[in-house]
>>> print(open('query_4.cif').read())   # mmCIF, C-alpha atoms
data_structure
loop_
_atom_site.group_PDB
_atom_site.id
_atom_site.type_symbol
_atom_site.label_atom_id
_atom_site.label_comp_id
_atom_site.auth_asym_id
_atom_site.auth_seq_id
_atom_site.Cartn_x
_atom_site.Cartn_y
_atom_site.Cartn_z
ATOM 1 C CA MET J 1 63.951 119.181 176.497
ATOM 2 C CA ASN J 2 65.864 122.384 177.014
ATOM 3 C CA GLU J 3 63.089 124.491 175.553
ATOM 4 C CA ASN J 4 60.172 126.406 176.928
ATOM 5 C CA VAL J 5 57.397 128.381 175.353
ATOM 6 C CA LEU J 6 57.475 132.051 176.295
ATOM 7 C CA ILE J 7 54.287 133.931 177.164
ATOM 8 C CA THR J 8 54.527 135.669 173.809
ATOM 9 C CA GLY J 9 54.232 132.315 172.086
ATOM 10 C CA ARG J 10 57.865 132.329 170.953
ATOM 11 C CA VAL J 11 59.856 129.231 171.607
ATOM 12 C CA GLY J 12 63.043 130.018 173.492
ATOM 13 C CA LYS J 13 65.791 127.979 175.044
ATOM 14 C CA THR J 14 65.881 127.928 178.847
ATOM 15 C CA GLY J 15 68.196 130.694 180.042
ATOM 16 C CA SER J 16 69.036 131.728 176.482
ATOM 17 C CA TRP J 17 69.706 135.340 177.585
ATOM 18 C CA LEU J 18 72.207 133.965 180.064
ATOM 19 C CA HIS J 19 74.059 132.014 177.415
ATOM 20 C CA ARG J 20 73.988 135.062 175.152
ATOM 21 C CA TYR J 21 75.862 137.227 177.672
ATOM 22 C CA ALA J 22 78.121 134.386 178.821
ATOM 23 C CA ASN J 23 79.914 134.540 175.479
ATOM 24 C CA PRO J 24 83.472 135.834 176.176
ATOM 25 C CA GLY J 25 83.599 137.880 172.957
ATOM 26 C CA ARG J 26 80.284 139.563 173.720
ATOM 27 C CA PHE J 27 81.375 140.196 177.319
ATOM 28 C CA LEU J 28 84.566 141.845 176.076
ATOM 29 C CA LYS J 29 82.627 144.054 173.658
ATOM 30 C CA LEU J 30 80.166 145.044 176.383
ATOM 31 C CA ILE J 31 82.569 145.647 179.278
ATOM 32 C CA ARG J 32 85.640 147.241 177.634
ATOM 33 C CA PRO J 33 83.969 150.612 176.927
ATOM 34 C CA ALA J 34 82.556 150.682 180.483
ATOM 35 C CA LEU J 35 85.893 150.013 182.210
ATOM 36 C CA PRO J 36 87.219 153.629 182.245
ATOM 37 C CA TRP J 37 83.915 154.828 183.746
ATOM 38 C CA LEU J 38 83.897 152.058 186.330
ATOM 39 C CA ALA J 39 87.518 152.828 187.230
ATOM 40 C CA ALA J 40 86.761 156.553 187.617
ATOM 41 C CA ALA J 41 83.721 155.857 189.817
ATOM 42 C CA SER J 42 85.635 153.404 191.989
ATOM 43 C CA ILE J 43 88.564 155.806 192.514
ATOM 44 C CA LEU J 44 86.252 158.748 193.276
ATOM 45 C CA LEU J 45 84.045 156.865 195.748
ATOM 46 C CA THR J 46 86.847 154.941 197.455
ATOM 47 C CA VAL J 47 89.037 158.033 197.936
ATOM 48 C CA THR J 48 86.053 160.063 199.195
ATOM 49 C CA GLY J 49 84.978 157.350 201.636
ATOM 50 C CA ILE J 50 88.499 156.689 202.954
ATOM 51 C CA VAL J 51 89.467 160.364 203.342
ATOM 52 C CA TRP J 52 86.106 161.202 204.958
ATOM 53 C CA GLY J 53 86.441 158.302 207.391
ATOM 54 C CA TYR J 54 90.099 158.973 208.189
ATOM 55 C CA ALA J 55 89.988 162.754 208.615
ATOM 56 C CA PHE J 56 86.465 164.166 208.826
ATOM 57 C CA ALA J 57 84.089 161.623 210.406
ATOM 58 C CA PRO J 58 83.463 162.125 214.131
ATOM 59 C CA ALA J 59 85.218 159.940 216.705
ATOM 60 C CA ASP J 60 83.114 157.319 218.461
ATOM 61 C CA TRP J 61 81.925 158.209 222.001
ATOM 62 C CA GLU J 62 83.193 154.884 223.368
ATOM 63 C CA GLN J 63 86.062 153.782 221.104
ATOM 64 C CA GLY J 64 87.360 157.235 220.205
ATOM 65 C CA ASP J 65 89.439 157.553 217.049
ATOM 66 C CA ALA J 66 90.017 153.783 216.865
ATOM 67 C CA ALA J 67 86.520 153.476 215.368
ATOM 68 C CA ARG J 68 87.919 155.091 212.184
ATOM 69 C CA ILE J 69 89.282 151.654 211.283
ATOM 70 C CA MET J 70 85.627 150.758 210.602
ATOM 71 C CA TYR J 71 85.699 152.718 207.311
ATOM 72 C CA VAL J 72 88.174 150.269 205.782
ATOM 73 C CA HIS J 73 87.474 147.137 207.838
ATOM 74 C CA VAL J 74 83.706 146.882 207.291
ATOM 75 C CA PRO J 75 83.713 147.545 203.498
ATOM 76 C CA ALA J 76 86.562 145.037 203.059
ATOM 77 C CA ALA J 77 84.584 142.447 205.065
ATOM 78 C CA TRP J 78 81.410 142.970 203.042
ATOM 79 C CA VAL J 79 83.256 142.839 199.723
ATOM 80 C CA SER J 80 85.128 139.677 200.725
ATOM 81 C CA MET J 81 81.806 137.941 201.491
ATOM 82 C CA ALA J 82 80.076 139.277 198.359
ATOM 83 C CA GLY J 83 83.120 138.189 196.341
ATOM 84 C CA TYR J 84 82.817 134.666 197.658
ATOM 85 C CA ALA J 85 79.082 134.660 196.889
ATOM 86 C CA ALA J 86 79.948 135.726 193.313
ATOM 87 C CA LEU J 87 82.533 132.939 193.185
ATOM 88 C CA ALA J 88 79.878 130.424 194.266
ATOM 89 C CA VAL J 89 77.429 131.716 191.621
ATOM 90 C CA CYS J 90 80.108 131.440 188.906
ATOM 91 C CA SER J 91 80.923 127.925 190.112
ATOM 92 C CA PHE J 92 77.245 127.000 189.922
ATOM 93 C CA PHE J 93 77.049 128.258 186.318
ATOM 94 C CA SER J 94 80.288 126.457 185.541
ATOM 95 C CA ILE J 95 79.053 123.132 186.875
ATOM 96 C CA ILE J 96 75.540 123.305 185.415
ATOM 97 C CA TRP J 97 76.116 125.015 182.040
ATOM 98 C CA ARG J 98 79.921 124.826 181.695
ATOM 99 C CA HIS J 99 80.153 128.440 180.700
ATOM 100 C CA PRO J 100 83.767 129.332 179.829
ATOM 101 C CA LEU J 101 83.129 132.870 181.078
ATOM 102 C CA ALA J 102 82.037 131.545 184.486
ATOM 103 C CA ASP J 103 85.309 129.604 184.765
ATOM 104 C CA LEU J 104 87.320 132.671 183.776
ATOM 105 C CA ALA J 105 85.441 134.878 186.250
ATOM 106 C CA ALA J 106 85.918 132.350 189.071
ATOM 107 C CA GLU J 107 89.650 132.212 188.329
ATOM 108 C CA GLU J 108 89.930 136.009 188.497
ATOM 109 C CA ILE J 109 87.627 136.555 191.508
ATOM 110 C CA GLY J 110 89.727 134.279 193.738
ATOM 111 C CA PRO J 111 92.896 136.398 194.157
ATOM 112 C CA VAL J 112 90.952 139.683 194.394
ATOM 113 C CA GLY J 113 88.578 138.283 197.019
ATOM 114 C CA ALA J 114 91.506 136.825 198.967
ATOM 115 C CA GLY J 115 93.145 140.276 198.952
ATOM 116 C CA PHE J 116 90.048 141.972 200.357
ATOM 117 C CA THR J 117 89.722 139.236 203.013
ATOM 118 C CA PHE J 118 93.369 139.784 203.960
ATOM 119 C CA VAL J 119 92.716 143.530 204.349
ATOM 120 C CA CYS J 120 89.662 142.723 206.492
ATOM 121 C CA LEU J 121 91.679 140.385 208.739
ATOM 122 C CA VAL J 122 94.649 142.763 209.144
ATOM 123 C CA SER J 123 92.519 145.860 209.786
ATOM 124 C CA GLY J 124 90.337 143.866 212.198
ATOM 125 C CA SER J 125 93.407 142.652 214.014
ATOM 126 C CA LEU J 126 94.736 146.226 214.274
ATOM 127 C CA TRP J 127 91.342 147.305 215.622
ATOM 128 C CA GLY J 128 91.251 144.413 218.094
ATOM 129 C CA LYS J 129 94.540 145.254 219.817
ATOM 130 C CA PRO J 130 93.502 148.648 221.272
ATOM 131 C CA MET J 131 89.911 147.506 221.956
ATOM 132 C CA TRP J 132 90.329 143.938 223.254
ATOM 133 C CA GLY J 133 94.012 143.985 224.197
ATOM 134 C CA ALA J 134 94.857 141.256 221.657
ATOM 135 C CA TYR J 135 95.534 141.175 217.935
ATOM 136 C CA TRP J 136 93.723 137.868 217.586
ATOM 137 C CA VAL J 137 91.164 135.847 219.530
ATOM 138 C CA TRP J 138 89.572 132.552 218.404
ATOM 139 C CA ASP J 139 86.193 134.189 218.287
ATOM 140 C CA ALA J 140 83.455 132.731 216.010
ATOM 141 C CA ARG J 141 83.392 135.769 213.665
ATOM 142 C CA LEU J 142 87.182 136.028 213.363
ATOM 143 C CA THR J 143 87.630 132.295 212.899
ATOM 144 C CA SER J 144 84.911 132.041 210.239
ATOM 145 C CA VAL J 145 86.483 134.933 208.283
ATOM 146 C CA LEU J 146 89.878 133.202 208.568
ATOM 147 C CA VAL J 147 88.211 130.070 207.147
ATOM 148 C CA LEU J 148 86.897 132.255 204.280
ATOM 149 C CA PHE J 149 90.468 133.401 203.591
ATOM 150 C CA PHE J 150 91.667 129.790 203.521
ATOM 151 C CA LEU J 151 88.784 128.861 201.196
ATOM 152 C CA TYR J 152 89.897 131.589 198.805
ATOM 153 C CA LEU J 153 93.505 130.339 198.976
ATOM 154 C CA GLY J 154 92.333 126.749 198.446
ATOM 155 C CA HIS J 155 90.330 127.826 195.416
ATOM 156 C CA ILE J 156 93.298 129.736 193.941
ATOM 157 C CA ALA J 157 95.558 126.711 194.428
ATOM 158 C CA LEU J 158 93.059 124.091 193.221
ATOM 159 C CA ILE J 159 92.063 125.903 190.015
ATOM 160 C CA ARG J 160 95.733 125.914 188.943
ATOM 161 C CA ALA J 161 96.668 122.474 190.298
ATOM 162 C CA PHE J 162 95.809 120.321 187.259
ATOM 163 C CA ASP J 163 97.516 119.977 183.879
ATOM 164 C CA ASN J 164 94.070 119.947 182.307
ATOM 165 C CA PRO J 165 92.484 123.337 183.186
ATOM 166 C CA THR J 166 88.949 121.872 182.897
ATOM 167 C CA HIS J 167 89.666 119.513 185.797
ATOM 168 C CA GLY J 168 91.006 122.410 187.863
ATOM 169 C CA HIS J 169 87.937 124.535 187.175
ATOM 170 C CA ARG J 170 85.615 121.684 188.091
ATOM 171 C CA ALA J 171 87.378 120.791 191.348
ATOM 172 C CA ALA J 172 87.615 124.461 192.368
ATOM 173 C CA ALA J 173 83.933 125.002 191.537
ATOM 174 C CA ILE J 174 82.948 122.154 193.862
ATOM 175 C CA LEU J 175 85.150 123.624 196.617
ATOM 176 C CA ALA J 176 83.586 127.075 196.110
ATOM 177 C CA LEU J 177 80.054 125.686 196.297
ATOM 178 C CA VAL J 178 80.759 123.628 199.418
ATOM 179 C CA GLY J 179 82.553 126.596 201.002
ATOM 180 C CA ALA J 180 79.526 128.837 200.462
ATOM 181 C CA ILE J 181 78.081 127.291 203.633
ATOM 182 C CA ASN J 182 80.606 129.473 205.479
ATOM 183 C CA LEU J 183 78.840 132.693 204.393
ATOM 184 C CA PRO J 184 75.729 132.383 206.624
ATOM 185 C CA ILE J 185 78.037 131.192 209.408
ATOM 186 C CA ILE J 186 80.029 134.459 209.137
ATOM 187 C CA VAL J 187 76.883 136.601 209.034
ATOM 188 C CA PHE J 188 75.091 134.916 211.944
ATOM 189 C CA SER J 189 78.162 134.003 214.030
ATOM 190 C CA VAL J 190 77.638 137.050 216.258
ATOM 191 C CA GLN J 191 74.079 135.880 216.990
ATOM 192 C CA TRP J 192 74.631 132.127 217.288
ATOM 193 C CA TRP J 193 77.649 132.333 219.594
ATOM 194 C CA ASN J 194 78.811 134.564 222.401
ATOM 195 C CA THR J 195 81.478 136.554 220.607
ATOM 196 C CA LEU J 196 83.947 139.257 221.524
ATOM 197 C CA HIS J 197 83.279 140.770 218.098
ATOM 198 C CA GLN J 198 80.442 143.259 218.254
ATOM 199 C CA GLY J 199 77.008 142.461 216.813
ATOM 200 C CA ASN J 200 75.611 143.827 213.553
ATOM 201 C CA THR J 201 75.575 147.643 213.604
ATOM 202 C CA ILE J 202 73.963 148.183 210.219
ATOM 203 C CA SER J 203 70.498 146.806 209.617
ATOM 204 C CA PHE J 204 68.449 146.936 206.429
ATOM 205 C CA SER J 205 65.236 146.883 208.489
ATOM 206 C CA GLY J 206 65.948 150.420 209.725
ATOM 207 C CA ASN J 207 67.370 149.540 213.160
ATOM 208 C CA SER J 208 70.928 150.694 212.449
ATOM 209 C CA LYS J 209 72.884 151.611 215.585
ATOM 210 C CA ILE J 210 75.158 154.106 213.878
ATOM 211 C CA TYR J 211 74.908 157.872 213.728
ATOM 212 C CA ILE J 212 74.212 159.367 210.309
ATOM 213 C CA THR J 213 77.514 161.331 210.181
ATOM 214 C CA MET J 214 79.347 158.015 210.483
ATOM 215 C CA LEU J 215 76.959 156.093 208.233
ATOM 216 C CA TYR J 216 77.493 158.290 205.144
ATOM 217 C CA PRO J 217 81.279 157.839 204.856
ATOM 218 C CA LEU J 218 80.844 154.133 205.626
ATOM 219 C CA LEU J 219 78.296 153.686 202.830
ATOM 220 C CA ILE J 220 80.401 155.712 200.367
ATOM 221 C CA ALA J 221 83.516 153.679 201.198
ATOM 222 C CA THR J 222 81.486 150.469 200.868
ATOM 223 C CA LEU J 223 80.130 151.499 197.466
ATOM 224 C CA GLY J 224 83.666 152.456 196.413
ATOM 225 C CA PHE J 225 85.042 149.086 197.513
ATOM 226 C CA TYR J 226 82.239 147.212 195.721
ATOM 227 C CA ILE J 227 82.756 149.114 192.460
ATOM 228 C CA SER J 228 86.539 148.677 192.816
ATOM 229 C CA PHE J 229 86.045 144.941 193.193
ATOM 230 C CA ILE J 230 83.750 144.776 190.151
ATOM 231 C CA THR J 231 86.116 146.927 188.066
ATOM 232 C CA ILE J 232 89.213 144.923 188.979
ATOM 233 C CA VAL J 233 87.509 141.578 188.338
ATOM 234 C CA CYS J 234 86.025 142.759 185.011
ATOM 235 C CA ALA J 235 89.409 144.143 183.880
ATOM 236 C CA ARG J 236 91.124 140.887 184.843
ATOM 237 C CA VAL J 237 88.486 138.818 183.009
ATOM 238 C CA CYS J 238 88.893 141.033 179.904
ATOM 239 C CA ALA J 239 92.679 140.604 180.113
ATOM 240 C CA ALA J 240 92.281 136.825 180.467
ATOM 241 C CA ILE J 241 89.979 136.685 177.415
ATOM 242 C CA MET J 242 92.461 138.728 175.354
ATOM 243 C CA GLU J 243 95.375 136.544 176.523
ATOM 244 C CA ARG J 244 93.452 133.412 175.459
ATOM 245 C CA ARG J 245 92.609 134.923 172.109
ATOM 246 C CA THR J 246 96.270 135.857 171.560
ATOM 247 C CA ARG J 247 97.374 132.328 172.460
ATOM 248 C CA GLY J 248 94.775 130.885 170.067
ATOM 249 C CA LEU J 249 95.890 133.117 167.195
ATOM 250 C CA LEU J 250 99.575 132.337 167.765
ATOM 251 C CA LEU J 251 98.816 128.608 167.906
ATOM 252 C CA ALA J 252 96.794 128.787 164.686
ATOM 253 C CA ALA J 253 99.610 130.708 162.978
ATOM 254 C CA ALA J 254 102.163 128.134 164.148
ATOM 255 C CA GLU J 255 99.981 125.274 162.845
ATOM 256 C CA ARG J 256 99.586 126.994 159.491
ATOM 257 C CA ALA J 257 103.359 127.517 159.236
ATOM 258 C CA SER J 258 104.227 123.876 160.038
ATOM 259 C CA MET S 1 96.298 154.935 224.500
ATOM 260 C CA ASN S 2 97.698 156.242 221.238
ATOM 261 C CA PHE S 3 95.461 154.876 218.472
ATOM 262 C CA ALA S 4 97.383 156.497 215.594
ATOM 263 C CA PRO S 5 99.657 153.494 214.741
ATOM 264 C CA PHE S 6 96.663 151.159 214.548
ATOM 265 C CA ILE S 7 94.570 153.544 212.440
ATOM 266 C CA ASN S 8 97.490 154.418 210.140
ATOM 267 C CA GLY S 9 98.398 150.735 209.846
ATOM 268 C CA SER S 10 94.860 149.748 208.825
ATOM 269 C CA TYR S 11 94.552 152.537 206.272
ATOM 270 C CA GLY S 12 98.095 151.910 205.034
ATOM 271 C CA VAL S 13 97.466 148.214 204.365
ATOM 272 C CA THR S 14 94.186 149.021 202.607
ATOM 273 C CA VAL S 15 95.620 151.782 200.417
ATOM 274 C CA ILE S 16 98.701 149.721 199.490
ATOM 275 C CA PHE S 17 96.478 146.767 198.575
ATOM 276 C CA LEU S 18 94.070 148.860 196.491
ATOM 277 C CA ILE S 19 96.830 150.721 194.640
ATOM 278 C CA GLY S 20 98.848 147.520 194.195
ATOM 279 C CA ILE S 21 96.032 145.428 192.750
ATOM 280 C CA GLY S 22 94.849 148.381 190.649
ATOM 281 C CA VAL S 23 98.283 148.923 189.098
ATOM 282 C CA LEU S 24 98.869 145.182 188.544
ATOM 283 C CA THR S 25 95.468 144.775 186.897
ATOM 284 C CA PHE S 26 95.911 147.866 184.711
ATOM 285 C CA THR S 27 99.379 146.713 183.590
ATOM 286 C CA ARG S 28 98.127 143.214 182.752
ATOM 287 C CA TYR S 29 95.127 144.602 180.874
ATOM 288 C CA GLN S 30 97.265 147.018 178.836
ATOM 289 C CA ARG S 31 99.803 144.318 178.022
ATOM 290 C CA ALA S 32 97.086 141.847 176.957
ATOM 291 C CA ALA S 33 95.383 144.458 174.755
ATOM 292 C CA LYS S 34 98.672 145.484 173.152
ATOM 293 C CA ARG S 35 99.734 141.881 172.444
ATOM 294 C CA LEU S 36 96.365 140.973 170.952
ATOM 295 C CA LYS S 37 96.443 144.033 168.719
ATOM 296 C CA ALA S 38 99.967 143.181 167.542
ATOM 297 C CA VAL S 39 99.072 139.538 166.818
ATOM 298 C CA GLU S 40 95.888 140.517 164.965
ATOM 299 C CA ARG S 41 97.836 142.995 162.848
ATOM 300 C CA THR S 42 100.355 140.329 161.757
ATOM 301 C CA ARG S 43 97.601 137.904 160.623
#
>>> encode(input="query_4.cif", output="structure tokens")
Amino acid sequence: MNENVLITGRVGKTGSWLHRYANPGRFLKLIRPALPWLAAASILLTVTGIVWGYAFAPADWEQGDAARIMYVHVPAAWVSMAGYAALAVCSFFSIIWRHPLADLAAEEIGPVGAGFTFVCLVSGSLWGKPMWGAYWVWDARLTSVLVLFFLYLGHIALIRAFDNPTHGHRAAAILALVGAINLPIIVFSVQWWNTLHQGNTISFSGNSKIYITMLYPLLIATLGFYISFITIVCARVCAAIMERRTRGLLLAAAERAS
Amino acid sequence: MNFAPFINGSYGVTVIFLIGIGVLTFTRYQRAAKRLKAVERTR
């Protein structure tokens, strides 16, 4: 039985609110008016964070100006991991409830997440050269992020690899869910293994090892990157829904004409 | 050591990526909206 009795005594379907908002038409109606505001917020926060980090934040006492790379590297790393977590959640919804919106979102998250992971890898590599003397080392953190990049690429390829899109979505969803095991490995790699990559600087328990004048631009850039990611993915999902609707209308018109 | 090329490189890659994906997404969105509107009008 897919029904439960709510506390109010009303009978409701399990997760009915979820199904309500998973409707592509409703999503389009809800998100389209918000897109200009989201875009404005993402541009404002990202530009502020990047300019503050590049030109106005203080240099690090140990790493000097090279630490400025942190203001693009760290937000890109966080967004790439959050993006993959979102991909895994969409895949879960896709497998359990077969929501068409979850499939669409997973398809659009993949390339954006891969882009942010690429930025994280390149900026990290450019930070590694002056600090470690090498662009790349097979360190646990670096390797696990490289695996994340390959998982994104695998997902992008797999979702488009079948003639029947449903098969592609299903196979890619399984890959995304299995690949989610890599997320805790990335986060805890600096604790589980002896790594050249530094440990966690920011802590939510209040033990952050970063000075406040460096923390503010980092948090603003991070917020900007997160909102940029959300805006881009939402806009791409809206575009995909509209493209599908156009295809459907053209097909119906062609059938009527024949 | 001169850090400028590494810093500029990191920021350059990031800015190019953000602008690139932003422009591509905006163009695709506009095109999809325009096409849907045109098809709906001809129905």
>>> interface_residues(input="query_4.cif", of="chain S", to="chain J", cutoff="6 Å", atoms="all atoms listed in the file", output="list in words")
Phe3, Phe6, Ile7, Ser10, Thr14, Tyr29, Ala32 and Leu36 of chain S
>>> atom_distance(input="query_4.cif", atom1="atom CA of J:Ile95", atom2="atom CA of S:Thr25")
27.2 Å
>>> atom_distance(input="query_4.cif", atom1="atom CA of J:Phe149", atom2="atom CA of J:Ala82")
13.0 Å
>>> axis_aligned_box(input="query_4.cif", around="stretch 116-127 of chain J", padding_each_side="4 Å", output="lines of an AutoDock Vina configuration file")
center_x = 92.2
center_y = 143.3
center_z = 208.0
size_x = 13.1
size_y = 16.1
size_z = 23.3
>>> resolve_selection(input="query_4.cif", expression="the PyMOL selection byres ((chain J and resi 195-201) around 12)", output="ChimeraX atom specification")
/J:70,74,124-125,127-128,131-134,136-145,186-194,202-211,214-215,218
>>> atom_distance(input="query_4.cif", atom1="atom CA of J:Arg160", atom2="atom CA of S:Leu18")
24.2 Å
>>> resolve_selection(input="query_4.cif", expression="the PyMOL selection byres ((chain J and resi 157) around 12)", output="PyMOL selection string")
chain J and resi 107+110-111+114+150-156+158-162+168-169+171-172+175
>>> write_last_selection(input="query_4.cif", atoms="C-alpha atoms", output="short mmCIF file (atom, residue, chain, number, x, y, z; two decimals), keeping the file's coordinate frame")
data_model
loop_
_atom_site.label_atom_id
_atom_site.label_comp_id
_atom_site.auth_asym_id
_atom_site.auth_seq_id
_atom_site.Cartn_x
_atom_site.Cartn_y
_atom_site.Cartn_z
CA GLU J 107 89.65 132.21 188.33
CA GLY J 110 89.73 134.28 193.74
CA PRO J 111 92.90 136.40 194.16
CA ALA J 114 91.51 136.82 198.97
CA PHE J 150 91.67 129.79 203.52
CA LEU J 151 88.78 128.86 201.20
CA TYR J 152 89.90 131.59 198.80
CA LEU J 153 93.50 130.34 198.98
CA GLY J 154 92.33 126.75 198.45
CA HIS J 155 90.33 127.83 195.42
CA ILE J 156 93.30 129.74 193.94
CA LEU J 158 93.06 124.09 193.22
CA ILE J 159 92.06 125.90 190.02
CA ARG J 160 95.73 125.91 188.94
CA ALA J 161 96.67 122.47 190.30
CA PHE J 162 95.81 120.32 187.26
CA GLY J 168 91.01 122.41 187.86
CA HIS J 169 87.94 124.54 187.18
CA ALA J 171 87.38 120.79 191.35
CA ALA J 172 87.62 124.46 192.37
CA LEU J 175 85.15 123.62 196.62
#
>>> closest_residue(input="query_4.cif", among="J:Ala88, J:Leu223, J:Leu28, J:Leu183", to="J:Leu101", atoms="all atoms listed in the file")
J:Leu28
>>> decode(input="query_4.cif", residues="chain S", atoms="C-alpha atoms", output="compact mmCIF listing (two decimals), in the first residue's frame")
# COMPACT_ATOMS: atom_id res chain seq x y z
CA MET S 1 59.39 32.49 -6.78
CA ASN S 2 56.99 34.44 -8.96
CA PHE S 3 53.49 33.20 -8.10
CA ALA S 4 51.66 35.46 -10.58
CA PRO S 5 51.44 32.95 -13.51
CA PHE S 6 49.97 30.29 -11.23
CA ILE S 7 47.46 32.64 -9.61
CA ASN S 8 46.47 34.23 -12.94
CA GLY S 9 46.21 30.79 -14.54
CA SER S 10 43.88 29.49 -11.81
CA TYR S 11 41.65 32.55 -11.91
CA GLY S 12 41.74 32.60 -15.71
CA VAL S 13 40.57 28.99 -16.02
CA THR S 14 37.81 29.58 -13.47
CA VAL S 15 36.54 32.80 -15.05
CA ILE S 16 36.63 31.34 -18.58
CA PHE S 17 34.72 28.27 -17.38
CA LEU S 18 32.09 30.30 -15.50
CA ILE S 19 31.54 32.77 -18.35
CA GLY S 20 31.59 29.97 -20.94
CA ILE S 21 29.04 27.74 -19.22
CA GLY S 22 26.91 30.78 -18.33
CA VAL S 23 26.77 32.00 -21.93
CA LEU S 24 26.15 28.50 -23.33
CA THR S 25 23.35 27.87 -20.84
CA PHE S 26 21.75 31.28 -21.45
CA THR S 27 21.88 30.79 -25.24
CA ARG S 28 20.34 27.31 -25.00
CA TYR S 29 17.63 28.53 -22.64
CA GLN S 30 16.73 31.49 -24.88
CA ARG S 31 16.66 29.30 -27.98
CA ALA S 32 14.47 26.67 -26.29
CA ALA S 33 12.03 29.31 -25.02
CA LYS S 34 11.84 31.00 -28.42
CA ARG S 35 11.26 27.71 -30.29
CA LEU S 36 8.57 26.58 -27.86
CA LYS S 37 6.79 29.91 -28.16
CA ALA S 38 6.91 29.73 -31.96
CA VAL S 39 5.60 26.14 -32.04
CA GLU S 40 2.80 26.94 -29.58
CA ARG S 41 1.77 29.94 -31.66
CA THR S 42 1.44 27.83 -34.83
CA ARG S 43 -0.82 25.24 -33.12
